[in-house]
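Enquirer: The file below is query-v4.txt, compact mmCIF, C-alpha atoms:
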# COMPACT_ATOMS: atom_id res chain seq x y z
CA MET A 1 33.73 -8.36 10.12
CA ASN A 2 32.14 -5.15 11.39
CA PRO A 3 28.57 -5.55 12.68
CA GLU A 4 25.81 -3.96 10.64
CA PRO A 5 24.85 -0.48 11.93
CA VAL A 6 21.81 -0.26 14.17
CA LEU A 7 18.48 0.92 12.76
CA ALA A 8 18.04 4.68 13.01
CA GLU A 9 14.87 6.70 13.37
CA GLY A 10 13.72 8.01 10.00
CA GLU A 11 15.22 5.28 7.80
CA PRO A 12 13.07 2.86 5.75
CA VAL A 13 12.71 -0.68 7.10
CA LEU A 14 11.17 -3.84 5.73
CA VAL A 15 8.67 -5.53 8.03
CA ARG A 16 8.58 -9.15 6.85
CA ARG A 17 6.60 -12.17 7.93
CA ARG A 18 7.55 -14.48 5.07
CA GLU A 19 8.32 -14.25 1.36
CA GLY A 20 5.54 -12.30 -0.33
CA ASP A 21 4.20 -10.97 2.97
CA ALA A 22 6.17 -7.81 3.69
CA PHE A 23 5.79 -4.05 3.61
CA LEU A 24 8.07 -1.02 3.68
CA VAL A 25 7.68 1.72 6.29
CA THR A 26 9.68 4.55 7.78
CA LEU A 27 11.02 3.78 11.24
CA VAL A 28 9.43 6.28 13.63
CA ARG A 29 8.47 6.42 17.29
CA GLY A 30 4.89 5.59 18.23
CA PRO A 31 2.05 3.95 16.34
CA GLN A 32 1.85 4.59 12.61
CA SER A 33 -0.80 3.74 10.06
CA VAL A 34 0.24 1.56 7.12
CA GLU A 35 -2.04 1.81 4.11
CA GLY A 36 -3.89 -1.45 3.50
CA VAL A 37 -2.28 -3.09 6.54
CA GLY A 38 -3.27 -1.34 9.78
CA VAL A 39 -1.48 0.36 12.68
CA ILE A 40 1.91 -0.83 13.92
CA ASP A 41 4.36 0.46 16.54
CA LEU A 42 8.04 -0.12 15.78
CA SER A 43 9.48 2.12 18.52
CA SER A 44 11.36 -0.82 20.05
CA GLN A 45 13.38 -1.29 16.86
CA ILE A 46 15.00 2.16 16.94
CA GLY A 47 18.62 1.56 17.94
CA ALA A 48 18.27 -2.21 17.49
CA ARG A 49 20.19 -4.27 14.96
CA PRO A 50 18.39 -5.49 11.82
CA GLY A 51 16.67 -8.85 12.25
CA GLY A 52 14.72 -8.09 15.41
CA THR A 53 11.13 -9.26 15.75
CA VAL A 54 7.83 -7.63 16.63
CA GLU A 55 4.55 -9.30 17.52
CA TRP A 56 1.70 -7.77 15.56
CA ALA A 57 -1.80 -8.88 14.53
CA GLY A 58 -1.24 -12.32 16.02
CA ALA A 59 1.92 -13.00 14.04
CA THR A 60 5.68 -12.50 14.36
CA TYR A 61 7.34 -10.11 11.92
CA ARG A 62 11.06 -9.54 11.41
CA VAL A 63 12.40 -6.00 10.88
CA LEU A 64 15.14 -5.76 8.26
CA ARG A 65 17.11 -3.08 6.46
CA PRO A 66 15.67 -3.30 2.92
CA SER A 67 17.73 -4.41 -0.05
CA LEU A 68 17.52 -2.67 -3.41
CA ALA A 69 15.22 -5.46 -4.59
CA ASP A 70 12.92 -4.81 -1.61
CA LEU A 71 12.78 -1.10 -2.45
CA LEU A 72 11.85 -1.78 -6.07
CA ARG A 73 9.16 -4.32 -5.17
CA GLN A 74 7.42 -1.74 -2.97
CA LEU A 75 7.22 1.01 -5.62
CA ARG A 76 3.93 2.63 -6.48
CA ARG A 77 3.69 2.49 -10.25
CA ARG A 78 2.24 5.19 -12.45
CA ALA A 79 4.21 4.19 -15.55
CA GLN A 80 5.83 0.94 -16.68
CA ILE A 81 9.11 0.58 -14.81
CA ILE A 82 12.49 -0.49 -16.13
CA THR A 83 13.12 -4.09 -15.04
CA PRO A 84 16.00 -4.94 -12.67
CA LYS A 85 17.83 -6.88 -15.41
CA ASP A 86 17.89 -3.77 -17.58
CA ALA A 87 18.50 -1.30 -14.76
CA GLN A 88 21.71 -3.01 -13.66
CA GLN A 89 23.03 -3.11 -17.22
CA LEU A 90 22.23 0.59 -17.66
CA LEU A 91 24.39 1.31 -14.61
CA PHE A 92 27.26 -0.54 -16.29
CA LEU A 93 26.81 1.11 -19.68
CA ALA A 94 26.55 4.59 -18.15
CA GLN A 95 29.53 3.91 -15.87
CA VAL A 96 27.64 4.93 -12.74
CA HIS A 97 29.78 4.63 -9.61
CA PRO A 98 29.79 5.76 -5.96
CA GLY A 99 30.19 9.53 -5.78
CA ALA A 100 29.08 10.07 -9.39
CA ARG A 101 27.04 13.03 -10.64
CA VAL A 102 24.25 11.50 -12.72
CA ALA A 103 21.24 12.76 -14.67
CA GLU A 104 18.26 10.79 -15.96
CA ALA A 105 15.28 11.61 -18.19
CA GLY A 106 12.38 10.70 -17.82
CA ALA A 107 11.56 9.88 -14.29
CA GLY A 108 8.54 7.64 -14.84
CA SER A 109 7.58 6.01 -11.55
CA GLY A 110 11.07 6.46 -10.13
CA ALA A 111 12.30 2.87 -10.30
CA LEU A 112 15.47 3.74 -12.19
CA THR A 113 15.86 6.84 -10.00
CA VAL A 114 15.99 4.59 -6.93
CA VAL A 115 18.57 2.33 -8.61
CA LEU A 116 20.73 5.30 -9.60
CA ALA A 117 20.50 6.93 -6.17
CA HIS A 118 21.42 3.64 -4.54
CA ALA A 119 24.43 3.25 -6.87
CA VAL A 120 25.92 6.74 -6.40
CA GLY A 121 26.03 6.28 -2.63
CA LEU A 122 26.20 8.88 0.10
CA THR A 123 28.49 11.25 -1.81
CA GLY A 124 26.82 11.09 -5.24
CA THR A 125 23.89 13.02 -6.72
CA VAL A 126 21.11 12.31 -9.22
CA VAL A 127 19.14 14.87 -11.22
CA SER A 128 15.87 13.43 -12.51
CA TYR A 129 14.12 15.24 -15.38
CA ASP A 130 10.58 14.75 -16.61
CA ARG A 131 8.22 17.04 -18.49
CA ARG A 132 5.17 15.61 -16.67
CA PRO A 133 4.58 16.89 -13.12
CA ASP A 134 2.36 13.91 -12.26
CA PHE A 135 5.18 11.47 -13.04
CA LEU A 136 7.63 13.57 -11.03
CA GLU A 137 5.30 13.53 -8.04
CA VAL A 138 5.03 9.72 -8.07
CA ALA A 139 8.79 9.35 -8.54
CA ARG A 140 9.48 11.80 -5.69
CA LYS A 141 7.22 9.82 -3.32
CA ASN A 142 8.87 6.52 -4.24
CA VAL A 143 12.38 7.91 -3.80
CA THR A 144 11.38 9.42 -0.45
CA GLN A 145 9.90 6.11 0.72
CA ALA A 146 13.17 4.43 -0.23
CA GLY A 147 15.04 6.88 2.02
CA LEU A 148 17.12 8.31 -0.85
CA SER A 149 15.58 11.76 -1.36
CA ASP A 150 18.69 13.59 -0.10
CA ARG A 151 20.60 12.34 -3.17
CA VAL A 152 18.05 13.31 -5.82
CA ARG A 153 16.93 16.61 -7.35
CA PHE A 154 13.73 16.49 -9.41
CA VAL A 155 13.31 18.94 -12.28
CA GLU A 156 10.21 19.53 -14.38
CA ARG A 157 11.82 20.09 -17.75
CA ASP A 158 11.54 18.85 -21.33
CA ILE A 159 15.18 18.23 -22.13
CA VAL A 160 14.35 17.59 -25.81
CA THR A 161 13.47 21.26 -26.27
CA GLU A 162 15.26 22.87 -23.32
CA GLY A 163 18.34 20.70 -22.86
CA LEU A 164 19.96 19.78 -19.54
CA ASP A 165 20.73 22.45 -16.93
CA GLU A 166 23.78 20.58 -15.57
CA THR A 167 27.42 20.36 -16.64
CA ASP A 168 30.39 18.08 -15.87
CA LEU A 169 28.15 15.07 -15.35
CA ASP A 170 29.69 11.62 -15.04
CA SER A 171 26.67 9.80 -16.46
CA VAL A 172 23.37 10.39 -18.24
CA VAL A 173 20.61 7.79 -18.67
CA LEU A 174 17.77 8.39 -21.14
CA ASP A 175 14.40 6.62 -21.07
CA LEU A 176 12.61 8.73 -23.70
CA PRO A 177 10.57 8.03 -26.84
CA GLU A 178 13.15 9.97 -28.89
CA PRO A 179 16.48 9.60 -27.04
CA TRP A 180 18.42 10.82 -30.08
CA ALA A 181 16.81 14.27 -29.89
CA PRO A 182 18.63 15.64 -26.79
CA LEU A 183 21.99 13.94 -27.43
CA GLU A 184 23.81 17.13 -28.41
CA SER A 185 22.76 18.70 -25.10
CA VAL A 186 23.75 15.49 -23.31
CA ARG A 187 27.20 15.59 -24.91
CA ASN A 188 27.70 19.17 -23.72
CA ALA A 189 26.54 18.27 -20.20
CA LEU A 190 28.90 15.31 -19.84
CA ALA A 191 32.44 15.66 -18.55
CA VAL A 192 35.15 14.31 -20.82
CA GLY A 193 35.20 10.57 -20.15
CA GLY A 194 31.55 10.56 -19.09
CA ALA A 195 29.02 8.12 -20.53
CA VAL A 196 25.42 8.04 -21.71
CA ALA A 197 23.08 5.04 -21.73
CA THR A 198 19.74 4.78 -23.55
CA TYR A 199 16.68 2.52 -23.24
CA THR A 200 14.90 1.93 -26.57
CA PRO A 201 12.14 -0.69 -27.00
CA THR A 202 12.16 -0.82 -30.83
CA TYR A 203 14.73 -1.38 -33.58
CA ASN A 204 13.86 1.93 -35.23
CA GLN A 205 14.57 3.84 -32.01
CA LEU A 206 17.82 1.92 -31.55
CA GLU A 207 19.06 2.68 -35.08
CA ARG A 208 18.32 6.40 -34.85
CA THR A 209 19.93 6.64 -31.45
CA VAL A 210 23.16 4.91 -32.48
CA ARG A 211 23.33 6.94 -35.69
CA ALA A 212 23.05 10.17 -33.68
CA LEU A 213 25.66 9.04 -31.14
CA ARG A 214 28.18 8.33 -33.86
CA ALA A 215 27.43 11.59 -35.70
CA LEU A 216 28.09 13.54 -32.49
CA GLY A 217 31.48 11.91 -31.97
CA PHE A 218 30.61 9.56 -29.12
CA GLU A 219 32.90 6.55 -28.93
CA GLU A 220 32.74 3.03 -27.48
CA VAL A 221 29.14 2.71 -28.71
CA ARG A 222 27.68 -0.65 -27.67
CA SER A 223 24.13 -2.03 -27.80
CA VAL A 224 22.80 -5.13 -26.04
CA GLU A 225 19.57 -6.95 -25.27
CA LEU A 226 19.15 -8.99 -22.10
CA LEU A 227 16.86 -12.02 -21.81
CA GLU A 228 16.22 -13.51 -18.38
CA ARG A 229 15.39 -17.20 -18.01
CA PRO A 230 14.80 -18.49 -14.48
CA LEU A 231 15.63 -22.07 -13.50
CA HIS A 232 13.50 -24.58 -11.64
CA VAL A 233 15.94 -26.25 -9.23
CA GLY A 234 15.03 -29.63 -7.74
CA ASP A 235 16.89 -32.76 -6.65
CA GLY A 236 17.58 -34.55 -9.91
CA GLY A 237 15.02 -32.42 -11.75
CA THR A 238 16.67 -29.07 -12.47
CA ARG A 239 15.54 -27.46 -15.72
CA PRO A 240 14.74 -24.08 -17.25
CA GLU A 241 11.35 -22.62 -16.41
CA PHE A 242 8.83 -22.68 -19.26
CA GLU A 243 8.31 -18.91 -19.06
CA MET A 244 11.02 -16.28 -19.32
CA LEU A 245 11.36 -12.50 -19.29
CA GLY A 246 12.10 -11.83 -22.94
CA HIS A 247 12.44 -8.60 -24.86
CA THR A 248 11.92 -5.40 -22.90
CA ALA A 249 14.32 -2.99 -24.60
CA PHE A 250 17.62 -2.49 -26.38
CA LEU A 251 20.25 -0.87 -24.17
CA THR A 252 23.00 1.31 -25.61
CA GLY A 253 26.02 2.87 -23.98
CA ALA A 254 28.50 5.40 -25.39
CA ARG A 255 31.28 7.60 -24.06
CA ARG A 256 32.34 11.19 -24.59
CA VAL A 257 36.08 10.91 -25.13
CA SER A 258 37.01 14.21 -26.79
Rewrite the structure of this file - the entire thing - as structure tokens.
Expert:
Amino acid sequence: MNPEPVLAEGEPVLVRRREGDAFLVTLVRGPQSVEGVGVIDLSSQIGARPGGTVEWAGATYRVLRPSLADLLRQLRRRAQIITPKDAQQLLFLAQVHPGARVAEAGAGSGALTVVLAHAVGLTGTVVSYDRRPDFLEVARKNVTQAGLSDRVRFVERDIVTEGLDETDLDSVVLDLPEPWAPLESVRNALAVGGAVATYTPTYNQLERTVRALRALGFEEVRSVELLERPLHVGDGGTRPEFEMLGHTAFLTGARRVS
């Protein structure tokens, strides 16, 4: 097994004391101020392998390369974000893969943008559209903090009225109040074999979206809803938790075949 690459200056790192006590920062030389936390110097971790420790504020912290879950937990939220259970299924429905060219609309707080940028890898690209500049600014900051800004292009654009300015896309993901409205433009922007996925909270939105997909000749149309129920695991006392993450949205995927 190859050892994990050393930490490089400029990449995001997770500084963790214990579960629930962690923060995300960019690895730089010299002291840096962390909002709501204080001033910390991580210079010694540049060139070190993940898992090293630093003594700070009377406690020992471990410096890790953040997981996707860590990146999402640290997001600044301006709008309600798509949950991880839905985000991962959207990747599947939209057929997002390493090296893919992907577009999304709208950007919101950038949670799905981070997931998409993480999924396309070093050779892929994401175009994120939103008609609101304030949402784009929050999304841009969150993507930058996650260290993925080199994979994402942000565009202030209402794709319902203006359409997409990209062609030969592998995937398109729509988180819009009226996802059926830009579907003709989405179809034209997709490469043959490309896929679109939509996020619709209500039945009415779902029905109109699927109707429009079928009318435009999309194939392999599939809609799902995911419910997440955690488990309480104990010796001889394992059971479902009383609370669960229920309905958030209906997720639909379809493919341009012809």
Enquirer: Have a look at A:Ala249, A:Ile82, A:Val160, A:Ala8 and name the one nearest to Arg49 of chain A; count all atoms listed in the file.
Expert: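 Once distances to Arg49 of chain A are computed over all atoms listed in the file, the minimum belongs to A:Ala8.
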Enquirer: Determine the nearest neighbour of Ser109 of chain A from the options A:Val192, A:Leu42, A:Leu206, A:Leu136, counting all atoms listed in the file.
Expert: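 Result for the nearest residue to Ser109 of chain A: A:Leu136.
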Enquirer: Find the residue from A:Leu27, A:Leu112, A:Ala181, A:Leu122 that sits nearest to Glu9 of chain A; use only C-alpha atoms when measuring.
Expert: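 Answer, going by the shortest atom-to-atom distance: A:Leu27.
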Enquirer: What is the atom CA of Gly193 of chain A-atom CA of Leu227 of chain A distance in Å, reported with one decimal?
Expert: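 Taking atom CA of Gly193 of chain A and atom CA of Leu227 of chain A, their separation equals 29.1 Å.
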Enquirer: Taking all atoms listed in the file into account, name the residue in A:Glu4, A:Glu156, A:Glu241, A:Asp168 that is nearest to Leu190 of chain A.
Expert: A:Asp168
Enquirer: Between atom CA of Glu178 of chain A and atom CA of Arg132 of chain A, measure the distance and give it in Å to one decimal.
Expert: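 Going from atom CA of Glu178 of chain A over to atom CA of Arg132 of chain A covers 15.6 Å.
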Enquirer: Hey, which of A:Lys85, A:Arg131, A:His232, A:Arg255 ends up closest to Val115 of chain A? Count all atoms listed in the file.
Expert: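 Selected residue with least distance to Val115 of chain A: A:Lys85.
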Enquirer: Between atom CA of Val172 of chain A and atom CA of Glu11 of chain A, measure the distance and give it in Å to one decimal.
Expert: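 Computed distance, atom CA of Val172 of chain A to atom CA of Glu11 of chain A, equals 27.8 Å.
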Enquirer: When you look at Thr125 of chain A with a cut-off of 8 Å (counting all atoms listed in the file), what residues show up, excluding the ones that are within fewer than 3 positions of it in the same chain? I need them as an mmCIF file with C-alpha atoms, in the frame of the given file.
Expert:
data_model
loop_
_atom_site.group_PDB
_atom_site.id
_atom_site.type_symbol
_atom_site.label_atom_id
_atom_site.label_comp_id
_atom_site.auth_asym_id
_atom_site.auth_seq_id
_atom_site.Cartn_x
_atom_site.Cartn_y
_atom_site.Cartn_z
ATOM 1 C CA GLY A 99 30.190 9.530 -5.780
ATOM 2 C CA ALA A 100 29.080 10.070 -9.390
ATOM 3 C CA ARG A 101 27.040 13.030 -10.640
ATOM 4 C CA VAL A 102 24.250 11.500 -12.720
ATOM 5 C CA ALA A 117 20.500 6.930 -6.170
ATOM 6 C CA VAL A 120 25.920 6.740 -6.400
ATOM 7 C CA ARG A 151 20.600 12.340 -3.170
ATOM 8 C CA VAL A 152 18.050 13.310 -5.820
ATOM 9 C CA ARG A 153 16.930 16.610 -7.350
#
Enquirer: Can you list, as a PyMOL selection string, every protein, DNA or RNA residue that comes within 8 Å of His118 of chain A when you count only C-alpha atoms, leaving out same-chain residues fewer than 3 positions away?
Expert: chain A and resi 68+114-115+121+148
Enquirer: Which residues, written as a VMD selection string, have at least one atom at most 9 Å from segment 242-246 of chain A, with all atoms listed in the file counted and residues fewer than 4 positions away on the same chain left out?
Expert: chain A and resid 226 to 231
Enquirer: My list of candidates is A:Gly217, A:Pro177, A:Gly51, A:Gly38. Which is closest to Val6 of chain A when distances are computed with all atoms listed in the file?
Expert: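 Ranked by minimum distance to Val6 of chain A, first place goes to A:Gly51.
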Enquirer: Around the point (17.0, 2.9, 16.2) in the file's coordinates, collect all residues with an atom within 12 Å, using all atoms listed in the file, and return them as a PyMOL selection string.
Expert: chain A and resi 5-13+26-29+42-50+52+63-65
Enquirer: As number ranges by chain, please: the residues near Val155 of chain A (cut-off 7 Å, all atoms listed in the file, same-chain neighbours under 3 positions excluded).
Expert: A: 128-130
Enquirer: Skip Thr200 of chain A itself and residues of its chain fewer than 3 positions away, then list as a PDB file with C-alpha atoms, in the frame of the given file all residues within 12 Å of it, counting all atoms listed in the file.
Expert:
ATOM      1  CA  ILE A  82      12.490  -0.490 -16.130  1.00  0.00           C
ATOM      2  CA  ASP A  86      17.890  -3.770 -17.580  1.00  0.00           C
ATOM      3  CA  LEU A  90      22.230   0.590 -17.660  1.00  0.00           C
ATOM      4  CA  VAL A 173      20.610   7.790 -18.670  1.00  0.00           C
ATOM      5  CA  LEU A 174      17.770   8.390 -21.140  1.00  0.00           C
ATOM      6  CA  ASP A 175      14.400   6.620 -21.070  1.00  0.00           C
ATOM      7  CA  LEU A 176      12.610   8.730 -23.700  1.00  0.00           C
ATOM      8  CA  PRO A 177      10.570   8.030 -26.840  1.00  0.00           C
ATOM      9  CA  GLU A 178      13.150   9.970 -28.890  1.00  0.00           C
ATOM     10  CA  PRO A 179      16.480   9.600 -27.040  1.00  0.00           C
ATOM     11  CA  TRP A 180      18.420  10.820 -30.080  1.00  0.00           C
ATOM     12  CA  ALA A 197      23.080   5.040 -21.730  1.00  0.00           C
ATOM     13  CA  TYR A 203      14.730  -1.380 -33.580  1.00  0.00           C
ATOM     14  CA  ASN A 204      13.860   1.930 -35.230  1.00  0.00           C
ATOM     15  CA  GLN A 205      14.570   3.840 -32.010  1.00  0.00           C
ATOM     16  CA  LEU A 206      17.820   1.920 -31.550  1.00  0.00           C
ATOM     17  CA  GLU A 207      19.060   2.680 -35.080  1.00  0.00           C
ATOM     18  CA  ARG A 208      18.320   6.400 -34.850  1.00  0.00           C
ATOM     19  CA  THR A 209      19.930   6.640 -31.450  1.00  0.00           C
ATOM     20  CA  VAL A 210      23.160   4.910 -32.480  1.00  0.00           C
ATOM     21  CA  SER A 223      24.130  -2.030 -27.800  1.00  0.00           C
ATOM     22  CA  VAL A 224      22.800  -5.130 -26.040  1.00  0.00           C
ATOM     23  CA  GLU A 225      19.570  -6.950 -25.270  1.00  0.00           C
ATOM     24  CA  HIS A 247      12.440  -8.600 -24.860  1.00  0.00           C
ATOM     25  CA  THR A 248      11.920  -5.400 -22.900  1.00  0.00           C
ATOM     26  CA  ALA A 249      14.320  -2.990 -24.600  1.00  0.00           C
ATOM     27  CA  PHE A 250      17.620  -2.490 -26.380  1.00  0.00           C
ATOM     28  CA  LEU A 251      20.250  -0.870 -24.170  1.00  0.00           C
ATOM     29  CA  THR A 252      23.000   1.310 -25.610  1.00  0.00           C
ATOM     30  CA  GLY A 253      26.020   2.870 -23.980  1.00  0.00           C
TER      31      GLY A 253
END
Enquirer: Could you write out as AutoDock Vina command-line options the box around segment 23-37 of chain A (axis-aligned, all atoms listed in the file, 4 Å on each side), with centre and edge lengths in Å to one decimal?
Expert:
--center_x 3.6 --center_y 1.2 --center_z 10.9 --size_x 22.9 --size_y 18.5 --size_z 22.7
